[in-house]
Structures are given as C-alpha cells and as structure tokens.
$ cat model17.cif   # mmCIF, C-alpha atoms and all ligand atoms
data_start
loop_
_atom_site.label_atom_id
_atom_site.label_comp_id
_atom_site.auth_asym_id
_atom_site.auth_seq_id
_atom_site.Cartn_x
_atom_site.Cartn_y
_atom_site.Cartn_z
CA MET A 1 -22.23 82.03 201.10
CA PRO A 2 -21.81 79.27 198.49
CA LYS A 3 -21.28 75.78 199.93
CA ALA A 4 -17.79 74.33 199.52
CA GLN A 5 -17.58 71.63 196.85
CA GLU A 6 -13.90 70.93 197.44
CA THR A 7 -11.34 71.82 200.09
CA ILE A 8 -10.89 75.57 200.33
CA LEU A 9 -9.56 78.09 202.79
CA GLU A 10 -11.95 80.99 202.85
CA ILE A 11 -10.43 84.33 203.87
CA ASP A 12 -12.79 86.97 205.20
CA LEU A 13 -11.23 90.37 204.53
CA ASN A 14 -13.92 92.16 206.52
CA ALA A 15 -12.93 90.13 209.57
CA LEU A 16 -9.35 91.24 209.01
CA GLN A 17 -10.46 94.86 208.93
CA HIS A 18 -12.54 94.35 212.07
CA ASN A 19 -9.53 92.90 213.91
CA VAL A 20 -7.26 95.77 212.84
CA ASN A 21 -9.82 98.26 214.14
CA PHE A 22 -10.23 96.35 217.40
CA ILE A 23 -6.48 96.19 218.06
CA LYS A 24 -6.00 99.82 217.03
CA SER A 25 -8.70 100.82 219.51
CA LYS A 26 -6.30 99.59 222.24
CA LEU A 27 -3.51 101.92 221.08
CA LYS A 28 -2.79 105.59 221.50
CA THR A 29 -3.45 107.39 218.24
CA ASN A 30 0.22 108.01 217.51
CA THR A 31 1.37 104.43 218.15
CA LYS A 32 2.46 102.84 214.89
CA PHE A 33 0.97 99.53 213.78
CA LEU A 34 3.16 96.78 212.34
CA ALA A 35 1.29 93.87 210.77
CA VAL A 36 3.09 90.53 211.00
CA VAL A 37 2.46 88.64 207.75
CA LYS A 38 5.09 85.92 208.08
CA ALA A 39 4.31 82.30 207.16
CA PHE A 40 1.83 83.29 204.43
CA ALA A 41 0.09 85.67 206.81
CA TYR A 42 -0.40 82.90 209.38
CA GLY A 43 -1.39 80.38 206.74
CA SER A 44 -3.85 82.58 204.87
CA ASP A 45 -2.23 84.45 201.96
CA ALA A 46 0.48 87.02 202.58
CA ILE A 47 0.00 88.97 199.35
CA GLU A 48 -3.76 89.43 199.50
CA ILE A 49 -3.65 90.13 203.22
CA ALA A 50 -0.81 92.64 202.85
CA LYS A 51 -2.55 94.39 199.95
CA HIS A 52 -5.67 94.75 202.04
CA LEU A 53 -3.72 95.91 205.09
CA GLU A 54 -1.82 98.43 203.00
CA LYS A 55 -5.19 99.96 202.04
CA LEU A 56 -5.95 100.15 205.76
CA ASN A 57 -2.75 102.17 206.18
CA VAL A 58 -0.73 99.94 208.44
CA ASP A 59 2.68 101.50 209.05
CA TYR A 60 4.90 98.46 208.71
CA PHE A 61 4.98 94.82 207.74
CA ALA A 62 7.15 92.09 209.24
CA VAL A 63 8.09 88.74 207.77
CA ALA A 64 10.43 86.11 209.20
CA TYR A 65 12.55 85.39 206.14
CA THR A 66 13.92 87.37 203.23
CA ASP A 67 12.04 85.46 200.52
CA GLU A 68 8.75 86.31 202.20
CA GLY A 69 9.65 89.99 201.92
CA ILE A 70 10.66 89.63 198.27
CA ALA A 71 7.29 88.05 197.47
CA LEU A 72 5.55 91.11 198.94
CA ARG A 73 7.78 93.54 197.03
CA ASN A 74 7.17 91.61 193.80
CA ALA A 75 3.44 91.93 194.43
CA GLY A 76 3.79 95.69 194.61
CA ILE A 77 3.77 96.23 198.37
CA GLU A 78 5.52 99.54 199.11
CA THR A 79 5.12 99.78 202.88
CA PRO A 80 8.39 99.24 204.84
CA ILE A 81 9.04 95.55 205.54
CA LEU A 82 11.02 94.35 208.54
CA VAL A 83 12.72 90.98 208.03
CA LEU A 84 12.82 89.45 211.50
CA HIS A 85 15.25 86.64 210.93
CA PRO A 86 17.61 87.26 208.02
CA GLN A 87 20.80 85.33 207.33
CA THR A 88 24.03 86.82 206.02
CA VAL A 89 23.57 85.10 202.66
CA ASN A 90 20.42 87.25 202.16
CA PHE A 91 21.95 90.68 202.72
CA LYS A 92 22.56 91.64 199.11
CA THR A 93 18.99 90.65 198.16
CA ILE A 94 17.63 92.50 201.17
CA ILE A 95 19.22 95.72 199.94
CA GLU A 96 18.11 95.13 196.35
CA HIS A 97 14.49 94.79 197.50
CA CYS A 98 14.53 97.62 200.04
CA LEU A 99 13.82 95.24 202.91
CA GLU A 100 14.83 96.23 206.43
CA PRO A 101 16.81 93.64 208.38
CA SER A 102 16.61 92.83 212.04
CA ILE A 103 20.22 92.97 213.25
CA TYR A 104 20.49 90.60 216.17
CA SER A 105 24.19 89.91 216.78
CA GLN A 106 27.63 91.39 216.21
CA ARG A 107 28.30 88.84 213.48
CA ILE A 108 25.14 89.95 211.66
CA LEU A 109 25.87 93.65 212.24
CA ASN A 110 29.42 93.49 210.86
CA GLU A 111 28.37 91.38 207.90
CA PHE A 112 25.45 93.66 207.02
CA LEU A 113 27.63 96.71 207.36
CA ALA A 114 30.18 95.23 204.96
CA VAL A 115 27.49 94.46 202.38
CA ALA A 116 25.89 97.91 202.76
CA LYS A 117 29.27 99.59 202.23
CA LYS A 118 30.06 97.39 199.25
CA HIS A 119 26.77 98.49 197.68
CA LYS A 120 27.52 102.13 198.48
CA GLN A 121 24.57 102.62 200.81
CA THR A 122 24.09 105.58 203.10
CA ASN A 123 21.68 105.51 206.03
CA TYR A 124 20.34 102.08 205.04
CA PRO A 125 17.49 101.36 207.51
CA ILE A 126 18.12 98.58 210.01
CA HIS A 127 16.44 97.48 213.23
CA ILE A 128 18.46 96.42 216.26
CA LYS A 129 17.04 93.55 218.25
CA PHE A 130 17.79 93.06 221.94
CA ASN A 131 17.40 89.91 223.96
CA THR A 132 15.53 90.75 227.16
CA GLY A 133 14.81 87.19 228.30
CA LEU A 134 13.44 85.11 225.45
CA ASN A 135 16.99 83.99 224.71
CA ARG A 136 16.19 83.37 221.08
CA LEU A 137 17.65 86.22 219.00
CA GLY A 138 19.13 89.56 219.98
CA PHE A 139 22.03 91.49 221.44
CA ALA A 140 22.69 91.31 225.15
CA GLU A 141 22.52 94.44 227.28
CA SER A 142 26.28 94.12 227.80
CA GLU A 143 26.86 94.65 224.06
CA VAL A 144 25.33 98.13 223.91
CA GLU A 145 28.66 99.95 224.05
CA THR A 146 30.18 97.89 221.24
CA ILE A 147 27.13 98.33 219.03
CA VAL A 148 27.09 102.06 219.56
CA GLU A 149 30.79 102.32 218.70
CA ILE A 150 30.21 100.50 215.42
CA LEU A 151 27.17 102.64 214.60
CA GLN A 152 28.98 105.90 215.34
CA THR A 153 31.75 105.16 212.85
CA THR A 154 29.56 104.53 209.80
CA GLN A 155 27.26 106.40 207.45
CA ALA A 156 26.24 103.23 205.61
CA ILE A 157 23.45 102.21 207.99
CA LYS A 158 20.98 103.99 210.21
CA VAL A 159 19.02 102.51 213.09
CA LYS A 160 15.34 103.01 212.43
CA SER A 161 14.18 101.15 215.50
CA LEU A 162 15.25 99.28 218.60
CA PHE A 163 13.15 96.29 219.53
CA SER A 164 12.76 93.21 221.65
CA HIS A 165 10.27 90.35 221.99
CA LEU A 166 8.27 89.23 225.02
CA ALA A 167 8.52 85.60 226.08
CA ALA A 168 5.23 85.12 227.91
CA SER A 169 2.99 88.12 227.32
CA ASP A 170 -0.05 85.81 227.21
CA ASP A 171 0.69 84.21 230.58
CA GLU A 172 -0.61 85.95 233.67
CA ASN A 173 1.60 83.76 235.88
CA GLU A 174 4.66 85.22 234.22
CA LYS A 175 3.73 88.83 234.85
CA ASP A 176 6.87 89.56 236.91
CA PHE A 177 9.08 88.12 234.21
CA THR A 178 7.34 90.23 231.57
CA LEU A 179 7.57 93.40 233.65
CA ASN A 180 11.27 92.69 234.00
CA GLN A 181 11.62 92.36 230.24
CA ILE A 182 9.88 95.71 229.80
CA GLU A 183 12.17 97.37 232.37
CA SER A 184 15.30 95.97 230.83
CA PHE A 185 14.14 97.09 227.35
CA LYS A 186 13.61 100.61 228.70
CA ARG A 187 17.07 100.64 230.24
CA ILE A 188 18.81 99.33 227.11
CA THR A 189 17.00 101.64 224.71
CA GLN A 190 17.66 104.64 226.90
CA GLU A 191 21.35 103.85 226.86
CA VAL A 192 21.44 103.42 223.07
CA SER A 193 19.36 106.52 222.38
CA ASP A 194 21.57 108.60 224.69
CA SER A 195 24.66 107.65 222.70
CA LEU A 196 23.24 108.26 219.24
CA ASP A 197 22.56 111.73 217.86
CA TYR A 198 19.12 110.61 216.63
CA LYS A 199 16.20 108.73 218.19
CA PRO A 200 15.27 105.32 216.76
CA PHE A 201 11.67 104.31 217.50
CA LEU A 202 10.94 101.48 219.94
CA HIS A 203 8.75 98.36 219.92
CA GLN A 204 8.39 95.28 222.09
CA SER A 205 4.80 93.98 221.99
CA ASN A 206 3.19 91.14 220.06
CA THR A 207 -0.60 90.62 220.17
CA SER A 208 -0.76 89.53 223.81
CA GLY A 209 1.69 92.26 224.77
CA ILE A 210 -0.61 94.79 223.10
CA LEU A 211 -3.62 93.53 225.04
CA ASN A 212 -2.00 92.85 228.42
CA TYR A 213 0.81 95.40 228.71
CA PRO A 214 -0.14 98.90 227.49
CA GLN A 215 3.09 100.15 229.10
CA ALA A 216 4.98 98.08 226.49
CA HIS A 217 3.41 99.69 223.42
CA PHE A 218 6.24 102.24 223.04
CA ASN A 219 6.21 103.78 219.52
CA MET A 220 4.96 100.75 217.60
CA VAL A 221 3.34 97.35 218.19
CA ARG A 222 3.80 94.15 216.18
CA CYS A 223 0.51 92.41 215.73
CA GLY A 224 0.33 88.88 214.31
CA ILE A 225 -2.23 86.39 215.59
CA GLY A 226 -4.66 89.15 216.60
CA LEU A 227 -5.03 90.18 212.97
CA TYR A 228 -6.18 86.68 212.16
CA GLY A 229 -8.73 86.59 214.97
CA PHE A 230 -7.05 85.08 218.02
CA ALA A 231 -5.77 86.66 221.22
CA ASN A 232 -4.66 83.74 223.42
CA ASN A 233 -7.54 84.73 225.68
CA THR A 234 -11.11 83.37 225.54
CA GLU A 235 -12.72 86.65 226.61
CA ILE A 236 -10.88 88.81 224.06
CA ASN A 237 -11.33 86.18 221.35
CA LYS A 238 -15.02 87.08 221.48
CA SER A 239 -14.18 90.58 220.27
CA LEU A 240 -12.08 89.32 217.37
CA LYS A 241 -13.19 87.54 214.20
CA PRO A 242 -11.33 84.54 212.79
CA VAL A 243 -10.26 85.43 209.26
CA ALA A 244 -9.81 81.90 207.93
CA THR A 245 -12.39 79.14 207.49
CA LEU A 246 -11.16 75.74 206.36
CA LYS A 247 -13.91 73.89 204.50
CA THR A 248 -14.25 70.73 202.54
CA SER A 249 -17.01 68.39 201.37
CA ILE A 250 -17.96 64.75 201.69
CA SER A 251 -16.52 62.62 198.87
CA GLN A 252 -18.04 59.29 199.79
CA ILE A 253 -20.07 57.65 202.53
CA HIS A 254 -19.42 54.09 203.71
CA ASN A 255 -21.52 51.86 205.93
CA LEU A 256 -19.27 49.65 208.04
CA LYS A 257 -20.54 46.58 209.79
CA LYS A 258 -19.33 45.39 213.16
CA GLU A 259 -15.70 44.24 212.83
CA ASP A 260 -15.09 45.99 209.50
CA SER A 261 -11.86 47.97 209.65
CA LEU A 262 -11.09 51.36 208.10
CA GLY A 263 -8.02 53.08 206.75
CA TYR A 264 -4.31 52.31 206.71
CA ASN A 265 -3.09 49.61 209.05
CA ARG A 266 -6.73 49.00 209.95
CA ALA A 267 -6.32 51.47 212.80
CA PHE A 268 -10.10 51.66 213.30
CA THR A 269 -12.33 48.64 213.74
CA ALA A 270 -16.07 49.08 214.01
CA THR A 271 -17.61 47.78 217.22
CA LYS A 272 -21.08 48.34 215.79
CA ASN A 273 -22.65 49.44 212.51
CA THR A 274 -20.82 52.67 211.71
CA LYS A 275 -21.41 55.24 208.97
CA THR A 276 -18.27 57.05 207.80
CA ALA A 277 -17.56 59.95 205.47
CA THR A 278 -14.34 60.26 203.49
CA LEU A 279 -13.10 63.85 203.12
CA PRO A 280 -10.57 65.24 200.61
CA ILE A 281 -8.10 66.65 203.13
CA GLY A 282 -5.17 64.89 204.79
CA HIS A 283 -1.83 65.36 206.50
CA ALA A 284 -0.38 66.93 203.35
CA ASP A 285 -3.03 69.63 203.73
CA GLY A 286 -2.18 70.35 207.34
CA ILE A 287 -4.31 67.80 209.18
CA ASN A 288 -1.72 66.56 211.65
CA ARG A 289 -1.62 62.78 212.07
CA LEU A 290 -2.14 63.34 215.79
CA PHE A 291 -5.75 64.25 214.90
CA GLY A 292 -6.36 60.64 213.88
CA ASN A 293 -7.93 57.91 215.94
CA GLY A 294 -10.66 59.96 217.53
CA ASN A 295 -8.68 63.03 218.60
CA GLY A 296 -9.63 65.60 215.98
CA PHE A 297 -13.06 66.48 214.62
CA VAL A 298 -14.88 68.42 211.93
CA PHE A 299 -18.42 69.80 211.73
CA ILE A 300 -21.06 68.59 209.31
CA ASN A 301 -24.45 70.29 209.30
CA GLY A 302 -23.57 71.77 212.67
CA GLN A 303 -22.68 68.45 214.27
CA LYS A 304 -19.32 67.23 215.47
CA ALA A 305 -17.83 64.30 213.55
CA HIS A 306 -14.66 62.70 214.95
CA ILE A 307 -11.78 61.69 212.75
CA ILE A 308 -11.39 57.91 212.95
CA GLY A 309 -8.49 55.71 211.89
CA ASN A 310 -5.20 57.12 210.67
CA VAL A 311 -5.00 60.45 208.87
CA CYS A 312 -3.94 59.71 205.26
CA MET A 313 -1.89 62.06 203.08
CA ASP A 314 -4.90 63.28 201.11
CA MET A 315 -7.90 62.07 203.10
CA ILE A 316 -9.47 61.63 206.47
CA MET A 317 -12.45 59.54 207.45
CA VAL A 318 -14.94 60.78 210.01
CA ASP A 319 -17.68 59.08 211.98
CA ILE A 320 -21.11 60.27 210.83
CA THR A 321 -23.17 57.47 212.37
CA ASN A 322 -25.45 59.96 214.12
CA ILE A 323 -25.32 62.79 211.61
CA LYS A 324 -27.83 63.42 208.87
CA CYS A 325 -25.73 64.15 205.79
CA GLU A 326 -25.11 63.20 202.19
CA GLU A 327 -22.21 62.93 199.80
CA GLY A 328 -21.36 66.44 198.58
CA ASP A 329 -22.37 68.10 201.86
CA GLU A 330 -20.15 70.84 203.21
CA VAL A 331 -17.75 70.13 206.07
CA ILE A 332 -16.19 72.79 208.34
CA VAL A 333 -12.77 71.97 209.77
CA PHE A 334 -12.44 75.31 211.53
CA GLY A 335 -13.89 78.78 211.22
CA PRO A 336 -15.66 81.48 213.22
CA GLN A 337 -18.19 79.03 214.71
CA HIS A 338 -15.72 76.18 215.25
CA SER A 339 -12.53 77.75 216.39
CA ALA A 340 -9.09 76.62 215.29
CA GLU A 341 -8.05 77.02 218.91
CA ASN A 342 -10.54 74.35 220.05
CA LEU A 343 -9.33 72.00 217.39
CA ALA A 344 -5.74 72.76 218.40
CA GLU A 345 -6.45 71.82 222.01
CA SER A 346 -7.42 68.29 221.00
CA ILE A 347 -3.77 67.61 220.13
CA ASP A 348 -2.17 69.95 222.66
CA SER A 349 -1.38 72.52 219.99
CA ILE A 350 -2.14 76.22 219.56
CA SER A 351 -4.09 78.32 217.05
CA TYR A 352 -0.82 79.54 215.51
CA GLU A 353 0.21 76.03 214.51
CA ILE A 354 -3.19 75.00 213.15
CA LEU A 355 -3.48 78.14 211.00
CA THR A 356 0.06 78.07 209.63
CA SER A 357 -0.20 74.36 208.82
CA VAL A 358 -2.85 74.81 206.13
CA SER A 359 -0.90 73.68 203.10
CA GLN A 360 -0.30 75.75 200.00
CA ARG A 361 -2.12 73.23 197.83
CA ILE A 362 -5.44 74.29 199.33
CA LYS A 363 -7.13 76.96 197.26
CA ARG A 364 -7.57 80.33 198.97
CA VAL A 365 -10.89 82.04 198.31
CA PHE A 366 -11.29 85.68 199.34
CA ARG A 367 -14.58 87.08 200.53
CA ARG A 368 -15.43 90.69 201.07
CA TYR A 369 -18.94 91.81 201.92
CA PHE A 370 -20.11 95.36 201.42
C1 LIG B 401 5.75 86.35 215.18
C2 LIG B 401 6.23 87.53 215.88
C3 LIG B 401 5.32 88.53 216.31
C4 LIG B 401 3.83 88.36 216.25
O1 LIG B 401 3.38 87.66 217.39
P1 LIG B 401 1.81 87.41 217.65
O2 LIG B 401 1.78 86.71 218.96
O3 LIG B 401 1.35 86.54 216.53
O4 LIG B 401 1.14 88.72 217.64
C5 LIG B 401 5.86 89.70 216.83
N1 LIG B 401 7.20 89.86 216.96
C6 LIG B 401 8.08 88.91 216.60
C7 LIG B 401 9.54 89.15 216.80
C8 LIG B 401 7.64 87.70 216.06
O5 LIG B 401 8.51 86.76 215.73
#
$ encode --input "model17.cif" --output "structure tokens"
Amino acid sequence: MPKAQETILEIDLNALQHNVNFIKSKLKTNTKFLAVVKAFAYGSDAIEIAKHLEKLNVDYFAVAYTDEGIALRNAGIETPILVLHPQTVNFKTIIEHCLEPSIYSQRILNEFLAVAKKHKQTNYPIHIKFNTGLNRLGFAESEVETIVEILQTTQAIKVKSLFSHLAASDDENEKDFTLNQIESFKRITQEVSDSLDYKPFLHQSNTSGILNYPQAHFNMVRCGIGLYGFANNTEINKSLKPVATLKTSISQIHNLKKEDSLGYNRAFTATKNTKTATLPIGHADGINRLFGNGNGFVFINGQKAHIIGNVCMDMIMVDITNIKCEEGDEVIVFGPQHSAENLAESIDSISYEILTSVSQRIKRVFRRYF
C-alpha cells in the first residue's frame, strides 16, 4: 500500500464485503439485509459504499435524513431507501425521489398522507415505527387502533414494514429490558397485522441486536456499525474488519528544550528535551479537542505517540521523543491495527462518534484488492 503523504481516509471495500458476509452468516437465508448508510456511511462515503453494497445485493438502505437519500438517488442508487427521521417539510421531495419515510407519529402520518394524496399517489410505501422503550421516535402501543383506522380509509399509502429500535442491544446487563422490547414489538405488530388485509414485514435489530438477539431478526435486520467493522464487543470485533483507516504524515519535527512551550495558550511545557511532530489534522478534521493534552494518540512506525498541547483547527502536535521517524513519515490515527474504538475510549467516546467525526475535507481513497 502506498504511504500517505497527506491526510487521507482510506476505505477498504474488501473489508466491507467481508463484514457483510460475516453478518449475513448470522442470519437465516430469507432474512432481508438493510444497510445503514447514514452520516456518510458512518463517516466513510455514502455513495461509494452504497454502490458497492448494491453490487452485493443488499435489500434496503437506510439514511437518517432526506437529503442523504437524495444524494444516493442522484448517484444512481435504485435499491429502496428508508428515511429514518424525515420532517414534514421533506415529504414532497421524499415522494419525488422515491424515498420511503419512517412514519413515527400521528402528526407525521396525517401530514404525509395529505402530501401523498395531493400528489395523487396510490400505495406509496411507508414504514411505521413503534416506540418499544427507547422513547426517541415512534408510535405508542396505545395508538395502534387509531393508526389502523387511518390506514384502512386510504389508498394513498401502503405500509411496507413495521419496525422498532432496541435501546441497549449491546448491553448484557439490560437483557430483560431488551427481551421486553422484543415481546412488546411482537404484540404490537401482531395487532397491526391482524387488522390489515396485507402483511407488512417486520424489523427491530441493529448490529448488536443481530449478534445478540437472533429472536429479534424478524424479516429484516438493519446493520450499521457492523458493516464498518465494529460490533460493540471485543470478541466479535476480531471477526470483523475495520473499513476505514485515517492516515496522515509528519509535516515538521521540532526539538524542544526544557521549559519550551508548545501550541496555543502554551498548554504544553517541556519538562525535558522533547521531540515533537506536527501533523496536518486538527479539530476541523474530526480530532476532538478532548484528545489534546496527552489523552489521544497516533501511531508512527508502529509506536504510540501522544497528542500534546491543545488540538488546533488544522494541526496536532505529538510527542515523538522516543520514536525513530522523519518528516514525511506516515502516521496512523486509526485503522485495522489501531482501532478507532481504542482511540475513542481515551476520551470516553465510542467508535460511532470517532468514525462519523472524520470531516468531509479529508480526501477519501478507495482500495479494492483482487
Ligand atoms: C443508526 C440506526 C441503526 C444502525 O445501528 P448500528 O448499531 O450502527 O447497527 C439501525 N436502526 C436505526 C433506527 C438507527 O437509527
């Protein structure tokens, strides 16, 4: 692999394929696979990732917001796209781009219905979301009757699926809570399906739900973080391959003497002779300021170099006193050998946040090995 000469996010499409195969190996053959590609496919690149996943025949995509779905449609993606968190202002555009909204409240249902009728739609595909304990988005169980009444009186929309989201599928200590969510989803969906003259398909599981609760796979699973190589579980992480590697290179090396300071507000002061490397990546690139002052680290020639002083907008400085390296050498911020999850832990964060923070100004480079 060529050495990075600037800051790049390398995307390994073979790793993506590996992760899809691994997750699919946990499913029954007829369980549908929805790939979550919101937030630029977890900070990588939604279009390239979706194009590759479409070739791998995933059944569905999900994005959070309408504009993310439009970007996929404009790039030629034809697979159905579920928009998880649409707003009423988006409904006309959703229909124009054949996106499928999550309908999560009576306000949203009535508004979408009005827009669908206005645009002379019949059987426009929607997905009804139920709240089974996350208390974030979704209808309550007590609303089933009302929803069904509305659905029975219209030809404009058709429910393609019923779904819900688990609150703590990665947390073994919350097993009872999760099992309760699964039971209440079964109860609700049974009630809805009994009152409709057709059967919407059902889904409830994110990555950790897929891995920890096979009884919650239903007809489809929604896989996000697992696609990108993380499973919220150290053992299973070993079977997955991180898709993204964030790399940069050393711009300049400085030799500080005892009592020299470094960076804004002189946040670091050398207590001894200290060699530092300045790197072209800062908080505007996704390096949280919390990583400053010794918390975060990068790897140079296999060795750990701590970030010292304050994180600047476009730069960080790292301590290379004990590392053999030169200006121009490659630096790994995270990747398969140095996991984003480890880095996340140093500031009490999670892989999701580290991956999705990689700013759009960093060039994405795609690698595929045959
Ligand atoms: C983001 C999201 C997912 C994906 O979750 P992962 O833990 O990344 O697999 C699934 N469903 C919903 C509703 C989401 O918002």
$ axis_aligned_box --input "model17.cif" --around "ligand LIG 401 (chain B)" --padding-each-side "3 Å" --output "lines of an AutoDock Vina configuration file"
center_x = 5.3
center_y = 88.1
center_z = 217.1
size_x = 14.4
size_y = 9.5
size_z = 9.8
$ residues_near_ligand --input "model17.cif" --ligand "ligand LIG 401 (chain B)" --cutoff "10 Å" --atoms "only C-alpha atoms and all ligand atoms" --output "JSON list (two decimals) with C-alpha atoms, keeping the file's coordinate frame"
[["chain", "number", "residue", "atom", "x", "y", "z"],
["A", 34, "LEU", "CA", 3.16, 96.78, 212.34],
["A", 35, "ALA", "CA", 1.29, 93.87, 210.77],
["A", 36, "VAL", "CA", 3.09, 90.53, 211.00],
["A", 37, "VAL", "CA", 2.46, 88.64, 207.75],
["A", 38, "LYS", "CA", 5.09, 85.92, 208.08],
["A", 39, "ALA", "CA", 4.31, 82.30, 207.16],
["A", 41, "ALA", "CA", 0.09, 85.67, 206.81],
["A", 42, "TYR", "CA", -0.40, 82.90, 209.38],
["A", 62, "ALA", "CA", 7.15, 92.09, 209.24],
["A", 63, "VAL", "CA", 8.09, 88.74, 207.77],
["A", 64, "ALA", "CA", 10.43, 86.11, 209.20],
["A", 82, "LEU", "CA", 11.02, 94.35, 208.54],
["A", 83, "VAL", "CA", 12.72, 90.98, 208.03],
["A", 84, "LEU", "CA", 12.82, 89.45, 211.50],
["A", 85, "HIS", "CA", 15.25, 86.64, 210.93],
["A", 102, "SER", "CA", 16.61, 92.83, 212.04],
["A", 129, "LYS", "CA", 17.04, 93.55, 218.25],
["A", 136, "ARG", "CA", 16.19, 83.37, 221.08],
["A", 137, "LEU", "CA", 17.65, 86.22, 219.00],
["A", 163, "PHE", "CA", 13.15, 96.29, 219.53],
["A", 164, "SER", "CA", 12.76, 93.21, 221.65],
["A", 165, "HIS", "CA", 10.27, 90.35, 221.99],
["A", 166, "LEU", "CA", 8.27, 89.23, 225.02],
["A", 167, "ALA", "CA", 8.52, 85.60, 226.08],
["A", 168, "ALA", "CA", 5.23, 85.12, 227.91],
["A", 169, "SER", "CA", 2.99, 88.12, 227.32],
["A", 170, "ASP", "CA", -0.05, 85.81, 227.21],
["A", 203, "HIS", "CA", 8.75, 98.36, 219.92],
["A", 204, "GLN", "CA", 8.39, 95.28, 222.09],
["A", 205, "SER", "CA", 4.80, 93.98, 221.99],
["A", 206, "ASN", "CA", 3.19, 91.14, 220.06],
["A", 207, "THR", "CA", -0.60, 90.62, 220.17],
["A", 208, "SER", "CA", -0.76, 89.53, 223.81],
["A", 209, "GLY", "CA", 1.69, 92.26, 224.77],
["A", 210, "ILE", "CA", -0.61, 94.79, 223.10],
["A", 221, "VAL", "CA", 3.34, 97.35, 218.19],
["A", 222, "ARG", "CA", 3.80, 94.15, 216.18],
["A", 223, "CYS", "CA", 0.51, 92.41, 215.73],
["A", 224, "GLY", "CA", 0.33, 88.88, 214.31],
["A", 225, "ILE", "CA", -2.23, 86.39, 215.59],
["A", 226, "GLY", "CA", -4.66, 89.15, 216.60],
["A", 227, "LEU", "CA", -5.03, 90.18, 212.97],
["A", 228, "TYR", "CA", -6.18, 86.68, 212.16],
["A", 230, "PHE", "CA", -7.05, 85.08, 218.02],
["A", 231, "ALA", "CA", -5.77, 86.66, 221.22],
["A", 232, "ASN", "CA", -4.66, 83.74, 223.42],
["A", 351, "SER", "CA", -4.09, 78.32, 217.05],
["A", 352, "TYR", "CA", -0.82, 79.54, 215.51]]
$ residues_near_point --input "model17.cif" --point "(-5.3, 94.5, 197.4)" --cutoff "12 Å" --atoms "all atoms listed in the file" --output "number ranges by chain"
A: 13, 45-57, 72, 75-77, 366, 368
$ residues_around --input "model17.cif" --residues "Gly286 (chain A)" --least-positions-apart "2" --cutoff "8 Å" --atoms "all atoms listed in the file" --output "PDB file with C-alpha atoms, in the frame of the given file"
ATOM      1  CA  GLY A 282      -5.170  64.890 204.790  1.00  0.00           C
ATOM      2  CA  HIS A 283      -1.830  65.360 206.500  1.00  0.00           C
ATOM      3  CA  ALA A 284      -0.380  66.930 203.350  1.00  0.00           C
ATOM      4  CA  ASN A 288      -1.720  66.560 211.650  1.00  0.00           C
ATOM      5  CA  ILE A 354      -3.190  75.000 213.150  1.00  0.00           C
ATOM      6  CA  SER A 357      -0.200  74.360 208.820  1.00  0.00           C
ATOM      7  CA  VAL A 358      -2.850  74.810 206.130  1.00  0.00           C
ATOM      8  CA  SER A 359      -0.900  73.680 203.100  1.00  0.00           C
TER       9      SER A 359
END
$ closest_residue --input "model17.cif" --among "A:Thr7, A:Asn110, A:Asn30, A:Asn219" --to "Pro280 (chain A)" --atoms "all atoms listed in the file"
A:Thr7
$ residues_around --input "model17.cif" --residues "Val89 (chain A)" --least-positions-apart "2" --cutoff "12 Å" --atoms "only C-alpha atoms" --output "ChimeraX atom specification"
/A:65-67,85-87,91-95,108,111-112,115
$ closest_residue --input "model17.cif" --among "A:Gln106, A:Ser349, A:Thr29, A:Ser193" --to "Ile150 (chain A)" --atoms "only C-alpha atoms"
A:Gln106
$ residues_around --input "model17.cif" --residues "Asp285 (chain A)" --least-positions-apart "6" --cutoff "12 Å" --atoms "only C-alpha atoms" --output "list of chain:residue names"
A:Thr7, A:Ile8, A:Leu9, A:Gly43, A:Leu246, A:Lys247, A:Thr248, A:Leu279, A:Val311, A:Cys312, A:Met313, A:Asp314, A:Met315, A:Ile316, A:Val333, A:Ile354, A:Leu355, A:Thr356, A:Ser357, A:Val358, A:Ser359, A:Gln360, A:Arg361, A:Ile362, A:Lys363
$ atom_distance --input "model17.cif" --atom1 "CA of Val148 (chain A)" --atom2 "CA of Lys117 (chain A)"
17.6 Å
$ residues_around --input "model17.cif" --residues "Glu330 (chain A)" --least-positions-apart "2" --cutoff "8 Å" --atoms "only C-alpha atoms" --output "CSV table (one decimal) with C-alpha atoms, keeping the file's coordinate frame"
chain,number,residue,atom,x,y,z
A,3,LYS,CA,-21.3,75.8,199.9
A,4,ALA,CA,-17.8,74.3,199.5
A,5,GLN,CA,-17.6,71.6,196.8
A,247,LYS,CA,-13.9,73.9,204.5
A,248,THR,CA,-14.2,70.7,202.5
A,249,SER,CA,-17.0,68.4,201.4
A,250,ILE,CA,-18.0,64.8,201.7
A,300,ILE,CA,-21.1,68.6,209.3
A,301,ASN,CA,-24.4,70.3,209.3
A,328,GLY,CA,-21.4,66.4,198.6
A,332,ILE,CA,-16.2,72.8,208.3
$ residues_near_point --input "model17.cif" --point "(-0.1, 60.0, 216.2)" --cutoff "12 Å" --atoms "all atoms listed in the file" --output "PyMOL selection string"
chain A and resi 267+283+287-296+308-312+347
$ closest_residue --input "model17.cif" --among "A:Val243, A:Ala270, A:Tyr104, A:Arg364" --to "Ala140 (chain A)" --atoms "only C-alpha atoms"
A:Tyr104
$ atom_distance --input "model17.cif" --atom1 "CA of Ala156 (chain A)" --atom2 "CA of Glu68 (chain A)"
24.6 Å
$ atom_distance --input "model17.cif" --atom1 "CA of Glu191 (chain A)" --atom2 "CA of Val144 (chain A)"
7.6 Å
$ closest_residue --input "model17.cif" --among "A:Ile253, A:Asn342, A:Thr88, A:Asp260" --to "Ile320 (chain A)" --atoms "only C-alpha atoms"
A:Ile253
